[in-house]
Structures are given as C-alpha cells and as structure tokens.
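First comes the structure, then the notes that go with it.
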Amino acid sequence: MPRFIRARFLLPMSDALGRDRRIEDGYALWEGDALLEVGAYSDAIGARLIRDHGAALEVVEPTRVARGVTDTAALVRHEGVLLPGFVKAHGHDHEPPIIGLVKDVALTGWLDGVVNPFTGFMKREQQRLEDLLGRTPQSVSYLKARVDDLYYGITTSMVHHCNHSKYFADDLVAAAETAGTRMIVAVGGQDRHYADDLLDTVDGALERLDGYRARHGHKTRVTIIPGPDQLFSNGPEMMSALKDWSRRNGTLLHFHSSEEKRTTAWFRETYGMTPIAYAHGLGILDSRTVVAHQVHSTEEDLQILAETGTRIVHNPLANTILGSGMPPVVDMLERGIPVAISTDGSGSADNQNILAAARLASQYQKARYSRADYLPAQQALEMITVEAARILDIPAGSLEVGRPADLVLVATDTPNMTPTRVTNVVENLVWASDGSEVRVVVAGGEVVRQGSAFHTLDLARILEDVSTLSAEFDAYRLTAPEVRGTGANA
Ligand SMILES: [Zn+2]
C-alpha cells in the first residue's frame with residue numbers, strides 16, 4: 001500500500017536535491033520501506049496519485065492513517081515541517097533509568113557513581129528484577145530509550161553498548177525491532193582500568209562480537225560493530241584485534257576518546273603521547289573509525305584526524321554537563337574532519353533532545369570564536385541528519401527517491417514556533433524549537449508515532465516499568481558497594 005504525507009514545509013536534506021533546499025507545501029510517498037516520490041505538492045499531483053493508486057492510497061493524518069481516499073481534499077496538509085528522521089550518531093540505551101542521578105560531578109565520578117553501579121545492579125539482581133517487572137531490567141531500559149528517541153524524532157541511532165550492557169545486546173536489538181527504529185550496535189568491551197567483574201580477554205570480546213553478528217548480522221535495520229569503551233580502558237592488543245575484526249567484516253569501529261583532561265594526561269605520562277597519536281600508532285584510525293567526543297585535541301591530533309579521515313561525533317549536552325570541555329568543532333570542519341552532532345546517553349545529557357544538542361553545538365562555537373557566522377542552523381541541522389548518516393555510512397538522513405522512508409513531522413503552529421515561514425523554518429527548528437513539537441514519526445515505512453500515540457511501544461507500561469526500576473536502584477544505592485577506578489580521575 002503506498003503511503004502519503006503532506007506538510008506545509010519540506011526539507012529533503014538531500015545531496016541530490018540540494019542540502020539547503022526548502023520546499024513550501026511538500027509531500028512524500030512511499031511503499032514498504034522505500035520512498036517513491038519527494039517534492040512540492042500540487043493538486044495535479046494529488047489527482048494523479050489518487051488516479052494511479054486508487055483506494056490503495058493511505059494518507060497519514062495527525063491522529064490516524066486514512067484509507068480509501070478518493071478526493072484530493074482528503075490529502076491533508078500538516079501544519080509542520082517534514083524532514084528525515086534524526087540520526088543519533090552516539091548514545092547509550094542503558095541510561096534512561098538514571099536521568100538526574102549523580103549530577104555535578106565529572107565523567108569518572110559519574111561512571112563510578114551511577115553508570116557502572118546501575119548496569120551492575122541490573123545484572124546482579126537480574127532474576128529478582130525480571131520477576132518484579134515481567135521482563136528483563138535491561139529490556140525496560142532499552143525500551144524506554146526507544147520511547148525517548150521517538151519522542152524527539154530520532155529514527156536511527158548508534159548505541160555504544162559498554163559496561164555490563166555488553167552482555168545484553170540481544171535485548172537491545174529486540175527493543176529496536178519492537179520500536180521499528182534503525183540501530184547500529186557498537187558492542188562494548190574493556191580489558192583494563194575498569195571494574196574487575198567485566199574485564200574481557202581479546203578472544204572473549206571477539207567471540208561475543210561473532211555471536212551477535214551471527215544472530216543479528218543478517219537484519220536490514222540492525223548493524224553489529226565493535227565498540228570498545230575507550231582507549232584508556234582497552235589495551236593495544238584489544239584495540240588492534242577489534243579494528244582487524246571491523247576490517248574483516250566491513251564495519252565501522254567506534255570508541256570514546258579524549259573526553260576528560262586527566263585521562264588524556266595519563267596517556268602523556270604513560271606513552272608520552274596523546275590518545276589520538278597512540279591510536280594512530282596502533283593503525284586503527286581511518287575513515288571507518290568513528291570517535292565520540294575528542295574534546296581535547298592538540299594541533300598534531302587534528303592533523304592526524306584529517307589525514308586518516310577519522311570521523312567525530314560531538315556530544316555538547318554531555319560535554320558541558322560533565323564539565324569535560326568542548327571540542328574545536330569549527331577547526332575540525334575547516335580541516336575536512338567529518339563531524340556529527342549527537343546527544344550521548346540520557347544519563348549524561350540528561351535527555352535525547354537532538355535539536356537542543358544541535359543548538360548548543362552551534363551556540364557554543366559562535367561564542368567560543370566570537371564568530372556569529374559559525375555553524376549556522378542549516379549546517380547544524382545537516383549534522384543531525386544527512387551528515388550524521390554519511391558518517392555512519394547508512395542510507396538514512398535524507399528524503400530521496402529510493403531511500404528508506406524514515407521521516408519526522410515537526411509542528412510549526414505551536415506558540416514557540418510561530419511565526420514560521422519558508423524563510424525561517426530551518427532557523428526555527430534549531431533556535432525556537434524546544435524538541436517537543438514532533439507530531440509524526442515514520443520509521444522503515446511504518447507510522448510508529450502520531451502525537452502522543454506510540455503505535456509500536458506500550459508507552460504506559462514502559463514508563464511505569466522504568467519508574468519501578470529506577471526506584472529499585474535508588475533503594476539498592478543506599479547499601480551498594482562503592483565502585484572506583486573507571487578512569488584516570490580515580
Ligand atoms: Zn558516550
């Protein structure tokens with residue numbers, strides 16, 4: 001059945017049509033997961049679609065999908081802007097239950113204070129929590145992460161699945177399949193400087209990856225890649241072996257780097273070089289390596305990143321809240337280093353409002369360089385759509401014929417978004433939106449959300465379960481053993 005949606009504004013964010021193309025009164029038509037038509041709407045086009053598809057045409061309205069349309073008057077125009085579903089290039093789906101906990105501390109204090117205790121708590125008390133919740137506690141976290149993504153219009157995410165979570169990627173994939181969103185699972189690992197009970201051997205880490213790939217590698221909307229936590233917590237043999245695996249299997253490699261100053265200082269003391277120079281020495285940096293953060297870079301680091309084609313994911317919400325600092329994004333872009341903007345996990349961010357991440361990234365760079373012309377709204381929006389998809393090497397982030405039907409409709413008639421016209425629609429998305437204006441989400445051709453109705457997720461139960469799980473963790477924290485030693489700050 002071909003499906004149709006029409007909106008007051010359309011932003012295809014497409015290299016073929018022009019990344020900055022703004023269309024007034026636009027529409028998209030798709031069948032299955034493939035876009036058939038994208039462009040400016042007219043009554044003649046509407047009449048043709050009804051003639052060609054007859055009663056088979058389905059129209060996505062604000063609260064329902066109408067079937068059996070026979071008149072162009074039924075081709076409802078949404079008061080909003082239609083654009084590709086947002087692409088979140090770095091996040092962690094185990095964090096939704098810990099939003100707002102252990103704030104006002106730096107990265108290592110936060111990892112030791114809440115992330116590792118929480119993921120360890122879920123694993124240690126697995127059976128009791130599963131009996132209490134009626135499903136695994138990990139599933140509860142991962143399903144809530146899917147709710148968060150759909151709430152903010154994210155249809156593709158790369159989930160960096162570190163810590164104790166690395167044992168539970170099957171639950172993660174199941175949550176993505178339930179929600180209907182596309183996911184790259186970066187399977188985490190650590191073999192040094194971390195809580196003893198989750199240290200890997202190289203063989204063990206490779207075996208885990210092979211297992212996940214065997215179970216999920218054939219799925220069109222799921223990709224399994226190696227995602228070692230960070231260079232600090234993975235020795236040289238591990239990093240080299242995982243990069244070899246990614247080369248053998250034609251995947252990306254993903255890890256955190258240069259996020260907090262003291263970890264970077266540890267590399268200088270231990271190896272006499274920065275983490276990026278160290279990674280370059282291992283031969284693991286190339287255009288298929290995606291590095292999260294890279295807050296602290298030397299001139300030499302930037303040269304290495306540019307020469308090797310390494311790709312960066314900037315996470316301004318987490319970087320500012322944790323006091324890590326902010327990377328020189330404009331310097332990176334001027335050297336040709338590809339940069340995406342993302343949210344990071346909801347525990348450090350503490351939300352998944354990817355438009356707010358784009359806004360903060362732009363705002364900070366303007367202030368940092370005293371240059372109001374840096375990182376305009378158009379470019380910031382590209383960095384969460386078309387550019388983020390290019391960095392992740394996936395056919396998303398643009399509305400183009402033949403591409404997957406991943407779309408989001410953002411209302412433009414709310415008080416904060418009024419007045420919106422074609423001349424300011426991109427600017428309003430970045431500067432005026434509060435992220436809550438998402439009205440329709442289509443993922444893989446399926447209408448997964450309309451207004452407050454989440455069609456693929458049991459919203460009420462997920463919200464109740466995540467509250468129960470979070471309260472159980474609060475109780476556990478009162479007597480939990482202290483966790484220390486995650487990073488160089490310990
Ligand atoms: Zn992260």
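FYI, nothing fancy with the structure tokens labels: chains A, B, ... in order, residues from 1 per chain, ligands from 1 as they appear.
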Give me, as a tab-separated table, the closest atom pair and its distance (Å, one decimal) for every residue of chain A within a cut-off of 8 Å of ligand 1, counting only C-alpha atoms and all ligand atoms, rows sorted by chain and rising number.
residue	atom	partner	partner_atom_place_in_ligand_line	distance
A:His90	CA	ligand 1	1 (Zn)	6.4
A:Gly91	CA	ligand 1	1 (Zn)	5.7
A:His92	CA	ligand 1	1 (Zn)	6.4
A:His160	CA	ligand 1	1 (Zn)	6.8
A:His256	CA	ligand 1	1 (Zn)	6.5
A:Ala292	CA	ligand 1	1 (Zn)	6.7
A:His293	CA	ligand 1	1 (Zn)	7.8
A:Asp344	CA	ligand 1	1 (Zn)	5.0
A:Gly345	CA	ligand 1	1 (Zn)	6.1
Next item on the list: Mind checking which residues fall within 8 Å of A:Leu11, counting only C-alpha atoms, ignoring those fewer than 5 positions away in the same chain, and posting them as a PyMOL selection string?
Entry: chain A and resi 20-23+81-84+399
Margin query: Rounded to one decimal, what separation in Å do you get between atom CA of A:Ala174 and atom CA of A:Val410?
Written below: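 Atom-to-atom, atom CA of A:Ala174 and atom CA of A:Val410 are spaced 27.3 Å apart.
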Next item on the list: Please identify all polymer residues within 12 Å of A:Glu259, counting only C-alpha atoms, omitting same-chain residues fewer than 5 positions from it, and present them as a VMD selection string.
Entry: chain A and resid 106 to 108 229 to 232 264 to 265 274 to 276 291 to 297 313 to 316 318 to 320 322 to 327 487 to 488
Margin query: Just the number, please: distance in Å from atom CA of A:Val222 to atom CA of A:His254, one decimal.
Written below: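 Calculated distance between atom CA of A:Val222 and atom CA of A:His254 is 15.5 Å.
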Margin query: I'd like the contact shell of A:Thr63 - 12 Å cut-off, only C-alpha atoms, skipping same-chain residues fewer than 3 positions apart - returned as a PyMOL selection string.
Written below: chain A and resi 59-60+66+76+78+439-441+447-455
Suppose we keep C-alpha atoms; can you now write the selection as an mmCIF file, in the first residue's frame?
data_model
loop_
_atom_site.group_PDB
_atom_site.id
_atom_site.type_symbol
_atom_site.label_atom_id
_atom_site.label_comp_id
_atom_site.auth_asym_id
_atom_site.auth_seq_id
_atom_site.Cartn_x
_atom_site.Cartn_y
_atom_site.Cartn_z
ATOM 1 C CA VAL A 59 -2.861 9.144 3.934
ATOM 2 C CA VAL A 60 -1.029 9.880 7.174
ATOM 3 C CA ALA A 66 -6.899 7.236 6.308
ATOM 4 C CA VAL A 76 -4.463 16.599 4.443
ATOM 5 C CA HIS A 78 0.034 19.021 8.293
ATOM 6 C CA ARG A 439 3.985 15.047 15.803
ATOM 7 C CA VAL A 440 4.539 12.134 13.399
ATOM 8 C CA VAL A 441 7.389 9.640 13.144
ATOM 9 C CA VAL A 447 3.919 5.035 11.095
ATOM 10 C CA VAL A 448 5.320 4.450 14.578
ATOM 11 C CA ARG A 449 4.106 7.591 16.305
ATOM 12 C CA GLN A 450 1.260 10.096 15.870
ATOM 13 C CA GLY A 451 1.001 12.767 18.550
ATOM 14 C CA SER A 452 1.006 11.095 21.958
ATOM 15 C CA ALA A 453 0.216 7.677 20.464
ATOM 16 C CA PHE A 454 3.271 5.413 20.185
ATOM 17 C CA HIS A 455 1.972 2.662 17.909
#
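Note that atom CA of A:Glu382 and atom CA of A:Arg19 are 7.6 Å apart.
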Next item on the list: From stretch 235-484 of chain A, collect each residue whose DSSP state is alpha helix (DSSP H) and return the set as an MDAnalysis selection string.
Entry: chainID A and resid 236:249 261:271 275:282 299:308 316:321 329:334 346:349 354:369 377:382 386:392 425:431 459:477
Pull the closest atom pair for each residue of stretch 102-123 of chain A that gets at most 10 Å from stretch 192-209 of chain A, along with the distance in Å to one decimal, counting only C-alpha atoms, ordering rows by chain and then ascending residue number, as JSON lines.
{"residue": "A:Asp112", "atom": "CA", "partner": "A:Ala195", "partner_atom": "CA", "distance": 9.0}
{"residue": "A:Asn116", "atom": "CA", "partner": "A:Ala195", "partner_atom": "CA", "distance": 8.1}
{"residue": "A:Pro117", "atom": "CA", "partner": "A:Ala195", "partner_atom": "CA", "distance": 9.9}
{"residue": "A:Gly120", "atom": "CA", "partner": "A:Asp197", "partner_atom": "CA", "distance": 9.1}
Margin query: Nearest residue to A:Gly235 out of A:Ala279, A:Val147, A:Leu252, A:Ile99, using only C-alpha atoms?
Written below: A:Ala279
Next item on the list: Report the residues of stretch 320-436 of chain A whose backbone DSSP state falls under strand (DSSP E or B), written as a PyMOL selection string.
Entry: chain A and resi 339-341+404+407-411
Next item on the list: Go through A:Glu446, A:Asp93, A:Glu269, A:Asp131 one by one, measure the shortest atom-to-atom distance of each to A:Asn351 using only C-alpha atoms, and give the residue with the smallest value.
Entry: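 The shortest atom-to-atom distance to A:Asn351 comes from A:Asp93.
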Next item on the list: Skip A:Ser14 itself and residues of its chain fewer than 3 positions away, then list as a PyMOL selection string all residues within 7 Å of it, counting only C-alpha atoms.
Entry: chain A and resi 17-19+386+398-400
Next item on the list: Tell me, as a list in words, which residues lie within 10 Å of A:Arg3, counting only C-alpha atoms; anything in the same chain fewer than 3 positions away does not count.
Entry: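 What passes the distance filter is Ala28, Leu29, Trp30, Glu31, Gly32, Leu35, Leu36, His53, Ala56, Leu57, Glu58, Val59, Val60, Val65, Ala66, Arg67, Ala405, Gly445, Glu446 and Val447 of chain A.
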Check: If we count only C-alpha atoms, what is near A:Ile354 at a cut-off of 8 Å, once residues fewer than 4 positions away on the same chain are taken out, given as an NGL selection string?
Finding: :A and (86 or 88 or 152 or 154 or 342-343 or 358 or 384 or 435)
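Closest to A:Tyr374 among A:Gly347, A:Pro2, A:Pro328, A:Pro226 is A:Pro328, based on only C-alpha atoms.
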